[in-house]
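Notes for the one structure printed next.
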Amino acid sequence: MKKAIAASAPQPEGSAAERLREIQAVAAAEARAGGHPAPKLVAISKTFEADAIRPLIHAGQRLFGENRVQEAAAKWPELIAEWPDIELHLVGQLQSNKAADAVRLFGAIHSVDRSSLVQALARAIDSEGRVPQLFVQVNIGDELQKGGVAISGLPALLAECADSGLRIGGLMAVPPAERDPAPYFALLAKLAARHGLAGLSMGMSHDYDIAVRLGATHIRVGSALFGGRF
């Protein structure tokens with residue numbers, strides 16, 4: 001696991017509260033322009049230590065995203081003890097053998113993408129008695145290096161989720177880098193509507209405004225809030 005970055009790491013300009021308000025304002029404006037409700041802002045805190053996270057908590061942010069179960073389990077219990085209304089979302093790939101840990105720790109999992117994970121999550125939810133919000137990750141750009149179910153495999157995976165008792169709340173995707181993300185966001189929205197899913201986890205620091213205009217319900221913003229990662 002990579003070492004967490006301390007609060008002294010390079011930060012974007014302005015205080016945490018100012019950065020948070022700016023992103024919220026942009027997201028609200030784009031949502032109005034697109035005729036959608038304002039999205040939930042998931043602050044991606046992966047690789048950052050508690051001291052770098054606290055300023056955002058003090059500024060009112062309560063929804064945070066992590067990529068790794070192990071990292072989240074190491075740094076978040078202390079923070080959650082101080083602020084019990086914090087909600088964690090897992091936005092990175094999830095190994096099937098970590099499903100129970102993820103169900104215990106996270107309020108949402110954005111990376112359901114294969115049959116083995118569906119079965120592992122179904123068992124974990126049954127044994128743990130907790131039901132996180134679940135998003136199916138779609139490989140929207142058909143990229144070999146990325147996780148996510150192929151578009152052609154989405155109906156079968158959703159059917160398996162239903163058969164296994166998993167309640168899927170939406171879809172998640174990351175468009176190909178250095179391409180216009182708008183067509184990919186629009187396609188994800190179309191797929192979600194086709195399957196009767198309301199949630200759309202899409203958009204990051206560099207393209208969240210476009211995602212919100214096209215209907216994102218959850219945006220995953222990291223560097224615009226925390227600064228660069230080493």
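Note on naming: chains are A, B, ... as they come in the structure tokens, residues start from 1 per chain, ligands start from 1 in the order shown.
If you count only C-alpha atoms and ignore residues fewer than 2 places along the chain from A:Pro175, what sits within 8 Å of it is Ile140, Gly141, Ala173, Ala177, Arg179, Pro181, Tyr184 and Phe185 of chain A.
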Shell of 7 Å around A:Gly165, only C-alpha atoms, local chain residues under 3 positions omitted, as an mmCIF file with N, CA, C and O atoms, in the first residue's frame:
```cif
data_model
loop_
_atom_site.group_PDB
_atom_site.id
_atom_site.type_symbol
_atom_site.label_atom_id
_atom_site.label_comp_id
_atom_site.auth_asym_id
_atom_site.auth_seq_id
_atom_site.Cartn_x
_atom_site.Cartn_y
_atom_site.Cartn_z
ATOM 1 N N ALA A 122 -23.065 -10.736 -2.164
ATOM 2 C CA ALA A 122 -24.335 -11.293 -1.689
ATOM 3 C C ALA A 122 -24.134 -12.051 -0.379
ATOM 4 O O ALA A 122 -24.926 -11.911 0.566
ATOM 5 N N CYS A 161 -27.154 -9.989 -10.555
ATOM 6 C CA CYS A 161 -27.288 -9.227 -9.312
ATOM 7 C C CYS A 161 -28.699 -9.392 -8.743
ATOM 8 O O CYS A 161 -28.866 -9.635 -7.537
ATOM 9 N N ALA A 162 -29.695 -9.261 -9.587
ATOM 10 C CA ALA A 162 -31.082 -9.405 -9.142
ATOM 11 C C ALA A 162 -31.345 -10.810 -8.616
ATOM 12 O O ALA A 162 -31.979 -10.994 -7.563
#
```
Strand (DSSP E or B) residues, from DSSP on the backbone, in stretch 62-211 of chain A, as a VMD selection string: chain A and resid 63 to 66 87 to 90 108 to 112 133 to 138 149 168 to 172 199 to 201
Of the listed residues A:Ser15, A:Thr217, A:Ser223, A:Ser127, that which approaches A:Ala38 most closely, counting only C-alpha atoms: A:Thr217
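One distance worth recording is that between atom CA of A:Ile86 and atom CA of A:Arg32, which is 26.7 Å.
You can rank A:Lys40, A:Arg123, A:Arg62, A:His206 by their closest distance to A:Leu166 using only C-alpha atoms, and at the top of that list sits A:Arg123.
If you measure from each of A:Val212, A:His218, A:Ser115, A:Ala193 to A:Phe135 using only C-alpha atoms, the closest one turns out to be A:His218.
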10 Å contact set for A:Glu143, only C-alpha atoms, chain neighbours under 4 positions out, as a PyMOL selection string: chain A and resi 139+147-148+150+175-176
Shell around A:Ala211 at 10 Å using only C-alpha atoms, local window under 6 positions removed, as a list in words: Ala27, Glu30, Ala31, Gly34, Pro39, Pro181, Ala182, Tyr184, Phe185, Ala186, Ala189, Leu200, Ser201, Met202, Gly203, Met204, Thr217, His218 and Ile219 of chain A
Selected residue, from A:Ala102, A:Ala33, A:Leu56, A:Ala73, that lies nearest to A:Arg21 when counting only C-alpha atoms: A:Leu56
